[in-house]
Amino acid sequence: MSAEVVHGRRVALVDGATRFDLVVPLHASVDDVLRAAAVTGDGVRVVGIAGREIDRSTTMRSLDDGSVLVLVDPAASFAAATADAKRPVLARRAPAVWSVLAAGGGILALLRLLGGDALPASVRVPVAVVALIAALASATAFSLSARSTTSTLVPVVALISLAFGGGVAVVPDVPASSASVAVFTGLLGGAILAGVIGVLGAPETLRAQGRTAAIVVGVLAGVWGLSLLLHLDPTAPAAVTLGLVPVAQRVLQASLVDVAPGTFVDYARFQTTRWTVRQSLPDEVRTIEAADADALVERSTARLTIGVLLLILAGAASAFTALPSFPSEDPVILGGRIALATTVVLALLLGSRKSTVPFLRWVERAGAAVVLAAVLVALLPAISSGLLVVIAGICLAVGLGCALLTVPIGRGFRSLGWSRTGDVFEALATALSLPAGMLAAGAIEIARAMMAT
């Protein structure tokens, strides 16, 4: 029987609530272990499990395999320990603060777009200016003070919401200031604030979120700005915004990983053919550190979450304006609105199956539910009481069918054929959602008017 050869010592380094399980070479000292664990401070003492202090120059040969090393800081005070104990309480209060800011931005926007005279302009405009200044100051302070362990999704969304509400409410009540002008101003303010976060953010994850949010909100601001140049009704940019959601999601998913161009191209194969376009080879990736891979995944996940969340929020906010009714006198717009609602709901429901972030699955499903609610609100005035009973019965039957399907799905039932069928319908719905939105916006009439002039 061969004996096991141990080339190192297994030690456990305990620092408060943190524990490091290490395998250290025999020639290394305790001081080397502390430096490897990024433990700084000359006053920190190392104590064994028996309570005896261990000198830092002690080598691993002098310790038993499986030794436990506990770090003790004699300079630690009771006030510092009390402050550390209060931090979780403050951390639990932070989401409530960001929720209040987001709600304040939404209320300001609703007061300007739907409230009418609920808040006089002499009061609303100064409040909106204060909201914009507060959003900029909060974004600057949060960006500079955030750390790699700080949760950034809720604060970024809340600050963008506050900036959007302030930008919407700051537009005065004059004949030339329509709802489209207010929405465009709000989106522009949100894009600028997101850009500030993307530049000033201390962690890479926060900068990635800010830049992605700036691009998404900037594209939406461009849609509403173009509608202002064409003097369109607010239903037109709202329809385009709703139809843009599935397409923008697909583009976002294809651009998440920020690697050098050509990293995944096999140049040894493709540059030997006759008709290949030549270009300079990228730097060869020889090794990939675990920390670099984790940072790349964190940045990509941050981009995905903030991008999808903003797109779903924009689509949900635009649904009731994009689908106000289903006019039978204009078959083009009628067909466009029917196709828009169908494609967006299918794309969101089927796309939620493949989301790698569980939180985003329910966000997309909630967005599809909002679109369905907008369709029902638009159809209710035109539906007779008898037909309404039939529709309610159909919805009840569909709900019971979905409830029955949860039993085999919960037991692990999977079908590759149905999954591929869903992929086909998802691809078709994504490809047709933006054209349907343009039809619902009256793009054909706009093109005819431009050609006539």
# chains A, B, ... in the order shown; residues from 1 in each chain; ligands from 1

$ residues_around --residues "segment 433-437 of chain A" --least-positions-apart "3" --cutoff "6 Å" --atoms "only C-alpha atoms" --output "ChimeraX atom specification"
/A:239-240,243-244,336,339-340,343,429-430,440

$ select_by_dssp --residues "segment 107-348 of chain A" --states "alpha helix (DSSP H)" --output "ChimeraX atom specification"
/A:107-113,121-145,153-169,179-200,204-229,235-254,267-270,290-322,331-348

$ residues_around --residues "Ala134 of chain A" --least-positions-apart "6" --cutoff "12 Å" --atoms "only C-alpha atoms" --output "list in words"
Leu101, Gly104, Gly105, Val127, Ala128, Thr140, Ala141, Phe142, Ala158, Leu159, Ile160, Leu162, Ala163, Gly165, Gly166 and Leu193 of chain A

$ write_last_selection --atoms "N, CA, C and O atoms" --output "mmCIF file, in the first residue's frame"
data_model
loop_
_atom_site.group_PDB
_atom_site.id
_atom_site.type_symbol
_atom_site.label_atom_id
_atom_site.label_comp_id
_atom_site.auth_asym_id
_atom_site.auth_seq_id
_atom_site.Cartn_x
_atom_site.Cartn_y
_atom_site.Cartn_z
ATOM 1 N N LEU A 101 -37.577 57.559 -4.404
ATOM 2 C CA LEU A 101 -37.116 58.410 -5.510
ATOM 3 C C LEU A 101 -37.777 57.998 -6.825
ATOM 4 O O LEU A 101 -38.207 58.855 -7.616
ATOM 5 N N GLY A 104 -41.340 59.087 -6.783
ATOM 6 C CA GLY A 104 -41.443 60.534 -6.991
ATOM 7 C C GLY A 104 -41.317 60.916 -8.455
ATOM 8 O O GLY A 104 -42.062 61.779 -8.950
ATOM 9 N N GLY A 105 -40.392 60.285 -9.171
ATOM 10 C CA GLY A 105 -40.278 60.560 -10.603
ATOM 11 C C GLY A 105 -41.507 60.146 -11.378
ATOM 12 O O GLY A 105 -41.977 60.874 -12.267
ATOM 13 N N VAL A 127 -40.572 72.350 -8.591
ATOM 14 C CA VAL A 127 -40.381 71.007 -8.034
ATOM 15 C C VAL A 127 -39.620 70.123 -9.017
ATOM 16 O O VAL A 127 -38.739 69.337 -8.625
ATOM 17 N N ALA A 128 -39.925 70.252 -10.310
ATOM 18 C CA ALA A 128 -39.216 69.468 -11.316
ATOM 19 C C ALA A 128 -37.742 69.855 -11.382
ATOM 20 O O ALA A 128 -36.867 68.991 -11.531
ATOM 21 N N THR A 140 -24.186 61.487 -8.846
ATOM 22 C CA THR A 140 -22.752 61.742 -8.686
ATOM 23 C C THR A 140 -22.229 61.140 -7.390
ATOM 24 O O THR A 140 -21.186 60.467 -7.377
ATOM 25 N N ALA A 141 -22.955 61.364 -6.298
ATOM 26 C CA ALA A 141 -22.509 60.831 -5.004
ATOM 27 C C ALA A 141 -22.518 59.303 -4.997
ATOM 28 O O ALA A 141 -21.573 58.667 -4.507
ATOM 29 N N PHE A 142 -23.568 58.708 -5.545
ATOM 30 C CA PHE A 142 -23.642 57.250 -5.556
ATOM 31 C C PHE A 142 -22.577 56.645 -6.457
ATOM 32 O O PHE A 142 -21.964 55.622 -6.119
ATOM 33 N N ALA A 158 -33.892 53.895 -10.225
ATOM 34 C CA ALA A 158 -34.569 54.949 -9.468
ATOM 35 C C ALA A 158 -34.088 56.332 -9.891
ATOM 36 O O ALA A 158 -34.900 57.259 -10.057
ATOM 37 N N LEU A 159 -32.796 56.506 -10.076
ATOM 38 C CA LEU A 159 -32.271 57.812 -10.474
ATOM 39 C C LEU A 159 -32.717 58.183 -11.882
ATOM 40 O O LEU A 159 -33.046 59.344 -12.157
ATOM 41 N N ILE A 160 -32.743 57.211 -12.792
ATOM 42 C CA ILE A 160 -33.227 57.492 -14.147
ATOM 43 C C ILE A 160 -34.711 57.852 -14.113
ATOM 44 O O ILE A 160 -35.160 58.766 -14.832
ATOM 45 N N LEU A 162 -36.303 59.285 -11.613
ATOM 46 C CA LEU A 162 -36.428 60.638 -11.063
ATOM 47 C C LEU A 162 -36.046 61.689 -12.102
ATOM 48 O O LEU A 162 -36.723 62.723 -12.227
ATOM 49 N N ALA A 163 -34.983 61.423 -12.856
ATOM 50 C CA ALA A 163 -34.585 62.366 -13.901
ATOM 51 C C ALA A 163 -35.640 62.441 -15.002
ATOM 52 O O ALA A 163 -35.927 63.522 -15.536
ATOM 53 N N GLY A 165 -38.925 61.863 -14.642
ATOM 54 C CA GLY A 165 -40.068 62.609 -14.113
ATOM 55 C C GLY A 165 -39.796 64.100 -14.044
ATOM 56 O O GLY A 165 -40.670 64.917 -14.374
ATOM 57 N N GLY A 166 -38.579 64.479 -13.617
ATOM 58 C CA GLY A 166 -38.236 65.896 -13.595
ATOM 59 C C GLY A 166 -38.200 66.510 -14.973
ATOM 60 O O GLY A 166 -38.665 67.644 -15.180
ATOM 61 N N LEU A 193 -28.391 61.550 -17.460
ATOM 62 C CA LEU A 193 -28.055 61.069 -16.120
ATOM 63 C C LEU A 193 -27.399 59.691 -16.179
ATOM 64 O O LEU A 193 -26.423 59.431 -15.457
#

$ closest_residue --among "A:Ser161, A:Thr241, A:Ser255, A:Thr453" --to "Gly315 of chain A" --atoms "only C-alpha atoms"
A:Thr241

$ residues_around --residues "Leu153 of chain A" --least-positions-apart "5" --cutoff "9 Å" --atoms "only C-alpha atoms" --output "PDB file with N, CA and C atoms, in the first residue's frame"
ATOM      1  N   ALA A 158     -33.892  53.895 -10.225  1.00  0.00           N
ATOM      2  CA  ALA A 158     -34.569  54.949  -9.468  1.00  0.00           C
ATOM      3  C   ALA A 158     -34.088  56.332  -9.891  1.00  0.00           C
ATOM      4  N   LEU A 206     -21.026  49.089 -12.405  1.00  0.00           N
ATOM      5  CA  LEU A 206     -21.866  50.291 -12.430  1.00  0.00           C
ATOM      6  C   LEU A 206     -21.649  51.079 -13.717  1.00  0.00           C
ATOM      7  N   GLN A 209     -23.534  49.299 -16.475  1.00  0.00           N
ATOM      8  CA  GLN A 209     -24.968  49.555 -16.392  1.00  0.00           C
ATOM      9  C   GLN A 209     -25.310  50.962 -16.869  1.00  0.00           C
ATOM     10  N   ALA A 302     -24.971  42.692 -15.722  1.00  0.00           N
ATOM     11  CA  ALA A 302     -25.448  44.041 -15.401  1.00  0.00           C
ATOM     12  C   ALA A 302     -26.049  44.713 -16.630  1.00  0.00           C
ATOM     13  N   THR A 305     -29.548  42.992 -17.348  1.00  0.00           N
ATOM     14  CA  THR A 305     -30.625  43.321 -16.416  1.00  0.00           C
ATOM     15  C   THR A 305     -31.118  44.752 -16.598  1.00  0.00           C
ATOM     16  N   ILE A 306     -30.200  45.708 -16.682  1.00  0.00           N
ATOM     17  CA  ILE A 306     -30.635  47.102 -16.799  1.00  0.00           C
ATOM     18  C   ILE A 306     -31.277  47.352 -18.156  1.00  0.00           C
TER      19      ILE A 306
END

$ atom_distance --atom1 "atom CA of Leu311 of chain A" --atom2 "atom CA of Thr149 of chain A"
25.4 Å

$ atom_distance --atom1 "atom CA of Ser325 of chain A" --atom2 "atom CA of Ser385 of chain A"
17.9 Å

$ residues_around --residues "Ala213 of chain A" --least-positions-apart "6" --cutoff "9 Å" --atoms "only C-alpha atoms" --output "number ranges by chain"
A: 156-157, 160, 190-191, 194-195, 198, 303, 306-307, 310

$ residues_around --residues "Ser178 of chain A" --least-positions-apart "6" --cutoff "10 Å" --atoms "only C-alpha atoms" --output "PDB file with N, CA and C atoms, in the first residue's frame"
ATOM      1  N   LEU A 113     -48.437  64.509 -17.537  1.00  0.00           N
ATOM      2  CA  LEU A 113     -49.038  63.885 -18.711  1.00  0.00           C
ATOM      3  C   LEU A 113     -50.525  63.608 -18.546  1.00  0.00           C
ATOM      4  N   VAL A 171     -41.381  70.837 -18.349  1.00  0.00           N
ATOM      5  CA  VAL A 171     -41.907  71.468 -19.566  1.00  0.00           C
ATOM      6  C   VAL A 171     -43.120  72.315 -19.197  1.00  0.00           C
ATOM      7  N   PRO A 172     -43.138  73.601 -19.532  1.00  0.00           N
ATOM      8  CA  PRO A 172     -44.266  74.469 -19.133  1.00  0.00           C
ATOM      9  C   PRO A 172     -45.517  74.173 -19.943  1.00  0.00           C
ATOM     10  N   LEU A 228     -41.391  64.307 -33.126  1.00  0.00           N
ATOM     11  CA  LEU A 228     -41.588  65.756 -33.029  1.00  0.00           C
ATOM     12  C   LEU A 228     -41.254  66.450 -34.346  1.00  0.00           C
ATOM     13  N   ASP A 233     -48.732  62.352 -33.920  1.00  0.00           N
ATOM     14  CA  ASP A 233     -49.507  62.181 -32.696  1.00  0.00           C
ATOM     15  C   ASP A 233     -48.735  61.281 -31.725  1.00  0.00           C
ATOM     16  N   PRO A 234     -48.889  61.440 -30.407  1.00  0.00           N
ATOM     17  CA  PRO A 234     -48.138  60.590 -29.461  1.00  0.00           C
ATOM     18  C   PRO A 234     -48.360  59.097 -29.635  1.00  0.00           C
TER      19      PRO A 234
END

$ closest_residue --among "A:Leu309, A:Ile338, A:Val123, A:Val183" --to "Gln249 of chain A" --atoms "only C-alpha atoms"
A:Leu309

$ residues_around --residues "Ala295 of chain A" --least-positions-apart "5" --cutoff "12 Å" --atoms "only C-alpha atoms" --output "count of residues only"
14
